[in-house]
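Engineer: This is model_36.tsv, which holds TSV, C-alpha atoms:
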chain	number	residue	atom	x	y	z
D	656	MET	CA	-6.14	-1.88	-62.77
D	657	ASN	CA	-7.05	1.78	-62.40
D	658	VAL	CA	-5.90	4.15	-59.68
D	659	GLU	CA	-9.16	3.84	-57.69
D	660	MET	CA	-8.91	0.06	-57.57
D	661	ILE	CA	-5.26	0.22	-56.48
D	662	ARG	CA	-6.12	2.70	-53.76
D	663	ALA	CA	-9.04	0.54	-52.57
D	664	THR	CA	-6.83	-2.55	-52.52
D	665	VAL	CA	-4.13	-0.78	-50.51
D	666	ILE	CA	-6.71	0.48	-48.00
D	667	PHE	CA	-8.22	-3.00	-47.70
D	668	LEU	CA	-4.81	-4.56	-47.04
D	669	LEU	CA	-3.93	-1.93	-44.45
D	670	VAL	CA	-7.22	-2.41	-42.63
D	671	ALA	CA	-6.93	-6.20	-42.80
D	672	SER	CA	-3.38	-6.03	-41.49
D	673	ALA	CA	-4.42	-3.77	-38.60
D	674	LEU	CA	-7.32	-6.04	-37.71
D	675	PHE	CA	-5.04	-9.08	-37.85
D	676	HIS	CA	-2.45	-7.52	-35.57
D	677	ASN	CA	-5.13	-6.30	-33.16
D	678	ALA	CA	-6.62	-9.77	-33.03
D	679	GLN	CA	-3.20	-11.26	-32.41
D	680	ALA	CA	-2.56	-8.80	-29.58
D	681	GLN	CA	-5.94	-9.48	-27.99
D	682	GLN	CA	-5.59	-13.26	-28.24
D	683	TYR	CA	-2.13	-13.50	-26.74
D	684	HIS	CA	-1.81	-14.88	-23.22
D	685	PRO	CA	1.39	-16.11	-21.58
D	686	SER	CA	1.92	-19.84	-21.37
D	687	PHE	CA	3.04	-19.54	-17.75
D	688	ARG	CA	0.17	-18.87	-15.35
D	689	PRO	CA	1.18	-19.47	-11.75
D	690	ASP	CA	-2.41	-19.81	-10.57
D	691	ALA	CA	-3.03	-22.64	-13.06
D	692	MET	CA	-0.09	-24.78	-11.96
D	693	SER	CA	-0.89	-27.91	-9.94
D	694	ASP	CA	2.45	-28.37	-8.16
D	695	ARG	CA	2.74	-27.55	-4.48
D	696	PRO	CA	5.60	-25.97	-2.51
D	697	PHE	CA	7.57	-28.06	-0.04
D	698	GLY	CA	6.41	-27.76	3.55
D	699	PRO	CA	3.34	-26.07	5.05
D	700	PRO	CA	1.76	-23.44	2.82
D	701	ASN	CA	1.56	-19.75	3.53
D	702	GLU	CA	-2.05	-18.86	4.27
D	703	VAL	CA	-3.52	-15.38	3.99
D	704	LEU	CA	-6.92	-14.29	5.27
D	705	VAL	CA	-7.79	-10.88	3.82
D	706	LEU	CA	-10.20	-9.06	6.09
D	707	GLY	CA	-12.02	-6.29	4.28
D	708	THR	CA	-12.95	-3.66	6.85
D	709	PRO	CA	-14.80	-0.36	6.97
D	710	HIS	CA	-12.56	2.45	8.13
D	711	LEU	CA	-13.68	2.65	11.74
D	712	SER	CA	-13.07	6.40	11.84
D	713	GLY	CA	-15.97	6.79	9.41
D	714	LEU	CA	-18.52	4.76	11.39
D	715	PRO	CA	-21.48	6.47	13.10
D	716	ASN	CA	-21.01	7.91	16.58
D	717	SER	CA	-22.92	4.92	17.96
D	718	PHE	CA	-19.84	2.76	17.33
D	719	ARG	CA	-18.08	1.42	20.42
D	720	PRO	CA	-14.87	-0.66	20.42
D	721	ASP	CA	-16.58	-3.51	22.30
D	722	MET	CA	-18.79	-4.04	19.24
D	723	LEU	CA	-15.72	-5.54	17.55
D	724	GLU	CA	-15.55	-8.44	20.01
D	725	PRO	CA	-17.50	-10.95	17.83
D	726	VAL	CA	-15.13	-10.13	14.95
D	727	LEU	CA	-12.01	-10.41	17.13
D	728	THR	CA	-13.20	-13.71	18.60
D	729	ARG	CA	-13.72	-15.30	15.20
D	730	LEU	CA	-10.41	-14.02	13.83
D	731	GLY	CA	-8.65	-15.25	16.95
D	732	THR	CA	-9.95	-18.79	16.46
D	733	TRP	CA	-8.13	-18.86	13.12
D	734	HIS	CA	-4.87	-18.22	15.03
D	735	PRO	CA	-2.88	-16.00	12.65
D	736	SER	CA	0.86	-16.01	13.25
D	737	ALA	CA	1.32	-12.58	11.61
D	738	ILE	CA	-0.90	-9.55	11.10
D	739	ALA	CA	-0.57	-6.91	8.36
D	740	THR	CA	-2.27	-3.52	8.52
D	741	GLU	CA	-3.01	-0.70	6.09
D	742	ASN	CA	-0.23	1.57	7.31
D	743	SER	CA	2.85	2.90	5.54
D	744	SER	CA	6.03	1.57	7.12
D	745	GLY	CA	8.45	3.80	8.95
D	746	LEU	CA	11.14	3.05	6.39
D	747	LEU	CA	8.87	4.02	3.48
D	748	CYS	CA	7.83	7.22	5.24
D	749	ASP	CA	11.47	8.07	5.92
D	750	ALA	CA	12.28	7.63	2.22
D	751	MET	CA	9.28	9.77	1.28
D	752	ARG	CA	10.44	12.55	3.58
D	753	HIS	CA	13.69	12.68	1.64
D	754	GLN	CA	11.70	13.34	-1.55
D	755	GLY	CA	10.68	16.74	-0.23
D	756	GLU	CA	7.64	18.54	-1.58
D	757	SER	CA	6.65	15.83	-4.05
D	758	GLN	CA	5.67	13.48	-1.22
D	759	ALA	CA	4.93	16.02	1.53
D	760	SER	CA	1.15	15.63	1.36
D	761	SER	CA	1.32	11.84	1.63
D	762	VAL	CA	3.74	12.08	4.55
D	763	ASP	CA	1.42	14.49	6.37
D	764	HIS	CA	-1.62	12.27	5.86
D	765	TYR	CA	-0.23	8.76	6.17
D	766	CYS	CA	2.97	8.81	8.24
D	767	SER	CA	3.50	9.05	11.98
D	768	ASP	CA	6.05	11.52	13.27
D	769	PRO	CA	8.93	9.64	14.95
D	770	THR	CA	10.85	12.75	16.03
D	771	LEU	CA	10.09	12.68	19.77
D	772	ALA	CA	10.68	8.95	20.11
D	773	GLY	CA	13.82	9.18	18.00
D	774	LYS	CA	15.26	11.79	20.34
D	775	ALA	CA	14.31	9.75	23.40
D	776	ALA	CA	15.87	6.59	21.96
D	777	GLY	CA	18.82	8.31	20.30
D	778	LEU	CA	17.99	6.52	17.03
D	779	THR	CA	17.15	7.49	13.47
D	780	VAL	CA	14.25	5.74	11.74
D	781	VAL	CA	16.63	3.46	9.85
D	782	ALA	CA	18.66	2.64	12.96
D	783	ALA	CA	15.51	2.05	15.02
D	784	ASN	CA	14.16	-0.43	12.46
D	785	ALA	CA	17.46	-2.32	12.52
D	786	GLU	CA	17.43	-2.24	16.33
D	787	ALA	CA	13.88	-3.63	16.42
D	788	ASP	CA	14.94	-6.55	14.19
D	789	ARG	CA	17.97	-7.29	16.35
D	790	THR	CA	15.91	-7.09	19.53
D	791	LEU	CA	13.23	-9.47	18.29
D	792	ALA	CA	15.84	-11.91	16.96
D	793	ALA	CA	17.12	-12.32	20.54
D	794	TRP	CA	13.74	-11.87	22.23
D	795	PRO	CA	13.27	-14.02	25.34
D	796	ALA	CA	10.23	-16.23	25.89
D	797	THR	CA	9.23	-14.13	28.91
D	798	PRO	CA	10.46	-10.57	28.42
D	799	THR	CA	10.44	-8.18	31.34
D	800	PRO	CA	8.19	-5.12	31.44
D	801	ALA	CA	11.33	-3.00	31.03
D	802	GLN	CA	12.17	-4.85	27.82
D	803	ARG	CA	8.65	-4.30	26.48
D	804	ARG	CA	8.73	-0.60	27.30
D	805	ARG	CA	12.09	-0.27	25.58
D	806	LEU	CA	10.86	-2.14	22.49
D	807	ALA	CA	7.75	0.08	22.38
D	808	LEU	CA	10.07	3.09	22.33
D	809	ILE	CA	12.17	1.57	19.54
D	810	PHE	CA	9.07	0.89	17.44
D	811	LEU	CA	7.90	4.49	17.92
D	812	ALA	CA	11.30	5.74	16.81
D	813	ALA	CA	11.12	3.35	13.83
D	814	GLY	CA	7.87	4.95	12.67
D	815	GLU	CA	5.88	1.84	13.62
D	816	PRO	CA	3.35	3.09	16.21
D	817	THR	CA	0.98	0.14	15.79
D	818	SER	CA	3.73	-2.31	16.72
D	819	ALA	CA	4.62	-0.05	19.65
D	820	LEU	CA	0.99	-0.31	20.75
D	821	VAL	CA	1.22	-4.12	20.65
D	822	GLN	CA	4.05	-3.97	23.19
D	823	TRP	CA	2.15	-1.46	25.31
D	824	LEU	CA	-0.99	-3.64	25.36
D	825	ARG	CA	1.08	-6.67	26.39
D	826	LEU	CA	2.20	-4.88	29.53
D	827	PRO	CA	0.24	-5.39	32.76
D	828	ASP	CA	-1.76	-2.28	33.69
D	829	ALA	CA	0.61	-1.50	36.54
D	830	GLU	CA	3.58	-1.52	34.15
D	831	GLN	CA	2.04	0.84	31.60
D	832	ARG	CA	4.05	3.88	32.67
D	833	ALA	CA	6.82	6.20	31.58
D	834	ASP	CA	10.14	4.43	32.07
D	835	ASP	CA	13.00	2.84	30.13
D	836	GLY	CA	13.13	5.75	27.71
D	837	LEU	CA	9.36	6.18	27.29
D	838	THR	CA	8.58	9.76	28.24
D	839	ASP	CA	5.30	11.02	29.70
D	840	GLU	CA	4.44	12.55	26.33
D	841	LEU	CA	5.03	9.26	24.49
D	842	VAL	CA	2.98	7.35	27.05
D	843	THR	CA	0.11	9.78	26.53
D	844	LYS	CA	0.31	9.19	22.79
D	845	LEU	CA	0.15	5.41	23.30
D	846	LYS	CA	-2.86	5.71	25.60
D	847	VAL	CA	-4.70	7.88	23.09
D	848	GLN	CA	-3.77	5.53	20.27
D	849	ALA	CA	-5.17	2.54	22.16
D	850	THR	CA	-8.69	4.01	22.05
D	851	ARG	CA	-8.62	5.76	18.66
D	852	LYS	CA	-11.26	4.64	16.14
D	853	ASN	CA	-8.86	2.91	13.79
D	854	GLU	CA	-8.86	-0.71	12.63
D	855	SER	CA	-5.07	-0.96	12.86
D	856	ASN	CA	-5.31	-0.25	16.59
D	857	LEU	CA	-8.62	-1.79	17.60
D	858	ILE	CA	-8.26	-4.95	15.50
D	859	GLY	CA	-4.62	-5.31	14.42
D	860	ALA	CA	-2.76	-4.31	17.60
D	861	LYS	CA	-5.41	-5.61	20.00
D	862	LEU	CA	-5.61	-9.03	18.34
D	863	ALA	CA	-1.81	-9.29	18.06
D	864	ALA	CA	-1.47	-8.64	21.79
D	865	ARG	CA	-4.23	-11.11	22.59
D	866	LEU	CA	-2.58	-13.84	20.51
D	867	GLY	CA	0.89	-13.26	21.93
D	868	LEU	CA	2.40	-11.70	18.81
D	869	GLU	CA	5.13	-9.11	19.19
D	870	ARG	CA	4.36	-6.78	16.30
D	871	VAL	CA	2.23	-6.07	13.25
D	872	TRP	CA	3.46	-5.41	9.70
D	873	SER	CA	2.83	-2.10	7.93
D	874	VAL	CA	2.26	-2.89	4.25
D	875	ASP	CA	0.54	0.15	2.74
D	876	SER	CA	2.24	2.23	0.06
D	877	GLN	CA	1.18	5.82	-0.54
D	878	TYR	CA	4.32	6.49	-2.56
D	879	PHE	CA	3.27	7.53	-6.07
D	880	TRP	CA	4.70	9.94	-8.62
D	881	ASP	CA	1.71	12.08	-9.45
D	882	MET	CA	1.35	13.60	-12.90
D	883	PRO	CA	0.68	17.33	-13.18
D	884	ILE	CA	-3.09	17.55	-13.64
D	885	SER	CA	-5.94	19.90	-12.93
D	886	GLU	CA	-7.25	18.73	-9.56
D	887	LYS	CA	-10.63	20.34	-10.24
D	888	ALA	CA	-11.06	18.68	-13.64
D	889	TYR	CA	-9.78	15.36	-12.27
D	890	ALA	CA	-12.29	15.39	-9.41
D	891	ALA	CA	-15.13	16.38	-11.72
D	892	ALA	CA	-14.35	13.59	-14.19
D	893	LEU	CA	-14.19	10.93	-11.50
D	894	GLY	CA	-17.30	12.25	-9.78
D	895	LYS	CA	-19.20	11.87	-13.03
D	896	ALA	CA	-17.85	8.34	-13.55
D	897	TRP	CA	-18.84	7.32	-10.04
D	898	ASP	CA	-22.37	8.63	-10.45
D	899	ASN	CA	-23.81	5.28	-11.49
D	900	SER	CA	-26.37	2.71	-10.38
D	901	ALA	CA	-23.80	0.42	-8.74
D	902	THR	CA	-22.54	3.29	-6.57
D	903	LYS	CA	-26.10	4.17	-5.53
D	904	ALA	CA	-26.89	0.55	-4.66
D	905	ARG	CA	-23.66	0.25	-2.71
D	906	GLY	CA	-24.44	3.41	-0.74
D	907	ILE	CA	-27.95	2.24	0.13
D	908	GLU	CA	-26.68	-1.13	1.36
D	909	GLU	CA	-23.89	0.38	3.47
D	910	THR	CA	-26.22	2.95	5.03
D	911	ALA	CA	-28.63	0.17	6.04
D	912	LEU	CA	-25.79	-1.89	7.51
D	913	TYR	CA	-24.35	1.03	9.48
D	914	ALA	CA	-27.79	1.86	10.87
D	915	GLN	CA	-27.85	-1.57	12.56
D	916	ILE	CA	-24.40	-1.65	14.16
D	917	GLY	CA	-25.91	-1.01	17.59
D	918	GLN	CA	-27.88	-4.26	17.36
D	919	PRO	CA	-26.42	-7.55	18.65
D	920	ASN	CA	-23.78	-8.66	16.12
D	921	GLY	CA	-24.60	-5.59	14.03
D	922	LEU	CA	-20.96	-4.79	13.32
D	923	LEU	CA	-20.27	-8.45	12.62
D	924	ALA	CA	-22.98	-8.23	9.93
D	925	VAL	CA	-21.07	-5.33	8.35
D	926	TYR	CA	-17.90	-7.41	8.19
D	927	ARG	CA	-19.74	-10.39	6.75
D	928	ALA	CA	-21.24	-8.18	4.02
D	929	PHE	CA	-17.93	-6.48	3.20
D	930	ASN	CA	-16.21	-9.85	2.83
D	931	ALA	CA	-18.88	-11.46	0.65
D	932	PRO	CA	-17.97	-12.16	-3.02
D	933	SER	CA	-20.80	-9.92	-4.22
D	934	TYR	CA	-19.24	-6.88	-2.52
D	935	ALA	CA	-16.07	-7.14	-4.62
D	936	ILE	CA	-17.98	-7.15	-7.90
D	937	GLN	CA	-20.23	-4.29	-6.90
D	938	ALA	CA	-17.26	-2.24	-5.71
D	939	TYR	CA	-15.49	-2.75	-9.03
D	940	ARG	CA	-18.51	-1.78	-11.09
D	941	SER	CA	-19.15	1.33	-9.05
D	942	ASP	CA	-15.53	2.48	-8.87
D	943	TRP	CA	-12.62	1.23	-11.01
D	944	GLY	CA	-14.66	-0.32	-13.79
D	945	ALA	CA	-16.57	2.94	-14.16
D	946	ALA	CA	-13.32	4.96	-14.03
D	947	LEU	CA	-11.75	2.94	-16.84
D	948	LYS	CA	-14.58	4.03	-19.14
D	949	GLU	CA	-14.30	7.70	-18.15
D	950	PRO	CA	-13.91	9.52	-21.51
D	951	SER	CA	-11.82	12.63	-20.74
D	952	PRO	CA	-9.03	13.28	-23.30
D	953	GLN	CA	-6.59	13.52	-20.38
D	954	GLY	CA	-7.44	9.96	-19.29
D	955	TYR	CA	-8.28	10.97	-15.73
D	956	GLY	CA	-10.09	7.71	-15.01
D	957	ARG	CA	-7.23	5.57	-16.25
D	958	HIS	CA	-4.79	7.71	-14.27
D	959	TYR	CA	-6.82	6.98	-11.13
D	960	VAL	CA	-6.99	3.24	-11.82
D	961	GLY	CA	-3.25	3.20	-12.50
D	962	TYR	CA	-2.61	4.77	-9.10
D	963	TRP	CA	-4.95	2.28	-7.41
D	964	GLU	CA	-3.47	-0.80	-9.04
D	965	THR	CA	0.09	0.39	-8.40
D	966	ARG	CA	-0.70	0.90	-4.73
D	967	ASN	CA	-2.31	-2.52	-4.37
D	968	LEU	CA	0.53	-4.26	-6.20
D	969	ARG	CA	3.03	-2.70	-3.80
D	970	MET	CA	0.92	-3.61	-0.78
D	971	VAL	CA	0.68	-7.23	-1.88
D	972	ALA	CA	4.43	-7.26	-2.64
D	973	ASN	CA	5.03	-6.13	0.94
D	974	ILE	CA	2.82	-8.95	2.22
D	975	ARG	CA	4.69	-11.46	0.07
D	976	GLU	CA	7.99	-10.20	1.49
D	977	VAL	CA	6.77	-10.74	5.05
D	978	LEU	CA	5.62	-14.29	4.20
D	979	THR	CA	9.13	-15.02	2.92
D	980	ARG	CA	10.59	-14.38	6.37
D	981	GLU	CA	8.99	-17.54	7.74
D	982	PRO	CA	7.47	-19.98	5.21
D	983	GLY	CA	4.24	-21.44	6.52
D	984	THR	CA	3.00	-18.14	7.95
D	985	ARG	CA	-0.71	-17.72	8.66
D	986	MET	CA	-1.28	-14.03	7.94
D	987	LEU	CA	-4.29	-11.90	8.69
D	988	ALA	CA	-4.21	-8.94	6.29
D	989	ILE	CA	-6.50	-6.15	7.53
D	990	VAL	CA	-7.34	-3.63	4.83
D	991	GLY	CA	-10.08	-1.27	3.71
D	992	ALA	CA	-12.80	-3.32	2.03
D	993	SER	CA	-12.21	-1.65	-1.34
D	994	HIS	CA	-8.72	-3.18	-1.45
D	995	LYS	CA	-9.81	-6.73	-0.65
D	996	ALA	CA	-10.66	-7.80	-4.20
D	997	TYR	CA	-7.31	-6.57	-5.55
D	998	TYR	CA	-5.39	-8.16	-2.67
D	999	GLU	CA	-6.99	-11.53	-3.31
D	1000	ALA	CA	-6.70	-11.34	-7.10
D	1001	TYR	CA	-2.94	-10.70	-6.88
D	1002	LEU	CA	-2.23	-13.10	-4.01
D	1003	ASP	CA	-4.17	-15.88	-5.73
D	1004	GLN	CA	-1.63	-15.94	-8.56
D	1005	MET	CA	1.19	-16.91	-6.21
D	1006	ARG	CA	2.26	-20.54	-5.94
D	1007	ASP	CA	3.25	-20.22	-2.30
D	1008	VAL	CA	0.10	-18.54	-1.01
D	1009	ASN	CA	-3.23	-20.14	-0.09
D	1010	LEU	CA	-6.15	-17.78	0.39
D	1011	ILE	CA	-8.54	-18.32	3.29
D	1012	ASN	CA	-12.22	-17.47	2.91
D	1013	ALA	CA	-12.85	-14.64	5.37
D	1014	GLU	CA	-16.60	-15.05	4.94
D	1015	ALA	CA	-16.35	-18.58	6.34
D	1016	VAL	CA	-14.19	-17.51	9.30
D	1017	LEU	CA	-16.71	-14.77	10.20
D	1018	ARG	CA	-19.71	-17.12	10.32
Would you put the structure from the file into C-alpha cells?

Structural biologist:
Amino acid sequence: MNVEMIRATVIFLLVASALFHNAQAQQYHPSFRPDAMSDRPFGPPNEVLVLGTPHLSGLPNSFRPDMLEPVLTRLGTWHPSAIATENSSGLLCDAMRHQGESQASSVDHYCSDPTLAGKAAGLTVVAANAEADRTLAAWPATPTPAQRRRLALIFLAAGEPTSALVQWLRLPDAEQRADDGLTDELVTKLKVQATRKNESNLIGAKLAARLGLERVWSVDSQYFWDMPISEKAYAAALGKAWDNSATKARGIEETALYAQIGQPNGLLAVYRAFNAPSYAIQAYRSDWGAALKEPSPQGYGRHYVGYWETRNLRMVANIREVLTREPGTRMLAIVGASHKAYYEAYLDQMRDVNLINAEAVLR
C-alpha cells in the first residue's frame, strides 16, 4: 500500500469516526422524560393558566382600563387561587443592588425603590419580606382596615408594590388614606399605581383584590451576567435577523388588532389572538428561531437566545416554587405574550403541573 492510499484510508476513517460520533450525539435522548410519564401525583393537581398579554403601556392612546373588563370577567370565572406577574421580586432586586454596577441598569429599569417605605416601616427589604410572610401566616378572616394599611406598607418596604396595591384595593374607599405607617407620599404612589397602564396593576392586582386574594407573586428575573460585547454590533446583528417575513406578518396582524381595541370586545380579541397556538409559532419564527441562525462570528443571536431562555427558565422556576407552597394551587400567570410559549413548554414537562388552555377560558 503506497503513501497516498494510506493517507486516504486514514482520512476516510477519521471522517467516518466523526460522522459516527456526530450521529450518536444527535440521536441521544434521555430515557427519563417527565412529560411522557403516565403516573399522577397524589391529591389535586396544580393548574396553571398562562395568560399572554400585550404590555398595556404600549397600547394606543385609545386604550381605557374598562376595556379589560371582558378579560377580567372570564379570568375570574376560572377562580385562580394565586396570581403571578412579570415583575422582579423585592428580594431579587435587593440582591441585584448588592452587585453594584453590573446590575445597575436592570435595577433602574425593573425594580421599585423601597427606600421611603422602608424608612416608614423601619424595615429592610429582607426583613419586610419576612414580616409579610409572618403577617399572612396569622392573617385573620376579616382583617381591619388598619391591618390592611400596615400590610400594604410592609409590601412596599419589601419591594412588592403590586401586592401592596392588592391590599390598597381591598380597602373601602373611605379607608384609603394615610395612616398606620402609610405616609401621604406613599398613598399618592399607590393611587398613581392603581391607574397606571400596566398589566400587573390593571389585571393582576385588580383581579386578586376582586377574588379575595391577599397578594400576587413576582416571578420575573432580569438578573443576567452580560458578556462584554459591542452594543452597536449586537443590535445591528439582531435587527438583521428580525427583518424577516414572519416579523412583518406579525406586525401587520398586531397593528390590525390594536386598531380595533375601541370596538366592543376589541381588547378581548387581542387577548384571544395572543393566546392562540398560531401566535407562539409565529413569534418563534420571527424572533428566537431567526436569532439562532444569525451568522455573526461573535454569536450575537445565540447570546440573545441564551439570555431569553435563561430568563424564562428562572421565571418558570419561580412559579414552580410558589406552587410548592400549597399543592393544588390554581395559578394565573400573567406575562408578556412573547414569554407564553416558553412558559408553557417548560411547565408542560413537570409531573405536578397541569396546563389550562387560556384560549378556551377567553371564549

Engineer: Using all atoms listed in the file, which residue out of D:Ala775, D:Met882, D:Ala793, D:Leu824 lies closest to D:Leu811?

Structural biologist: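 Of the candidates, the smallest distance to D:Leu811 is held by D:Ala775.
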
Engineer: Under the rule that all atoms listed in the file are counted, which of D:Pro919, D:Pro769, D:Gly707, D:Pro725 is the nearest residue to D:Tyr934?

Structural biologist: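 So, comparing all the options, the nearest one is D:Gly707.
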
Engineer: Extract, using all atoms listed in the file, all DNA, RNA and protein residues at most 12 Å from stretch 691-698 of chain D, discarding same-chain residues fewer than 5 positions from it, and format them as number ranges by chain.

Structural biologist: D: 685-686, 981-984, 1003-1009

Engineer: Kindly indicate which residue among D:Ala737, D:Asn967, D:Leu746, D:Arg803 lies nearest to D:Thr779, using only C-alpha atoms for the distances.

Structural biologist: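 Result for the nearest residue to D:Thr779: D:Leu746.
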
Engineer: So, counting all atoms listed in the file, which residue among D:Leu923, D:Val960, D:Cys766, D:Ala783 is closest to D:Asp721?

Structural biologist: D:Leu923

Engineer: As a list in words, please: the residues near D:Tyr765 (cut-off 8 Å, all atoms listed in the file, same-chain neighbours under 5 positions excluded).

Structural biologist: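 Within the cut-off, the hits are Asn742, Ser743 and Gln877 of chain D.
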
Engineer: I'd like to know which of D:Ala914, D:Ala782, D:Ala1013, D:Ala972 is closest to D:Phe929, using all atoms listed in the file.

Structural biologist: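 Smallest separation from D:Phe929 among the options: D:Ala1013.
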
Engineer: I'd like the contact shell of D:Arg1018 - 12 Å cut-off, all atoms listed in the file, skipping same-chain residues fewer than 4 positions apart - returned as a list in words.

Structural biologist: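 Residues near the query, excluding close chain neighbours: Pro725, Val726, Thr728, Arg729, Leu730, Thr732, Asn920, Leu923, Ala924, Tyr926, Arg927, Ala928, Asn930, Ala931, Asn1012, Ala1013 and Glu1014 of chain D.
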
Engineer: Counting only C-alpha atoms, what is within 7 Å of D:Val703, bar same-chain residues fewer than 6 positions away, as a PyMOL selection string?

Structural biologist: chain D and resi 985-988+1008-1011

Engineer: Select, from D:Ile974, D:Val925, D:Ala992, D:Leu1002, the residue with the minimum atom-to-atom distance to D:Ala911, counting all atoms listed in the file.

Structural biologist: D:Val925
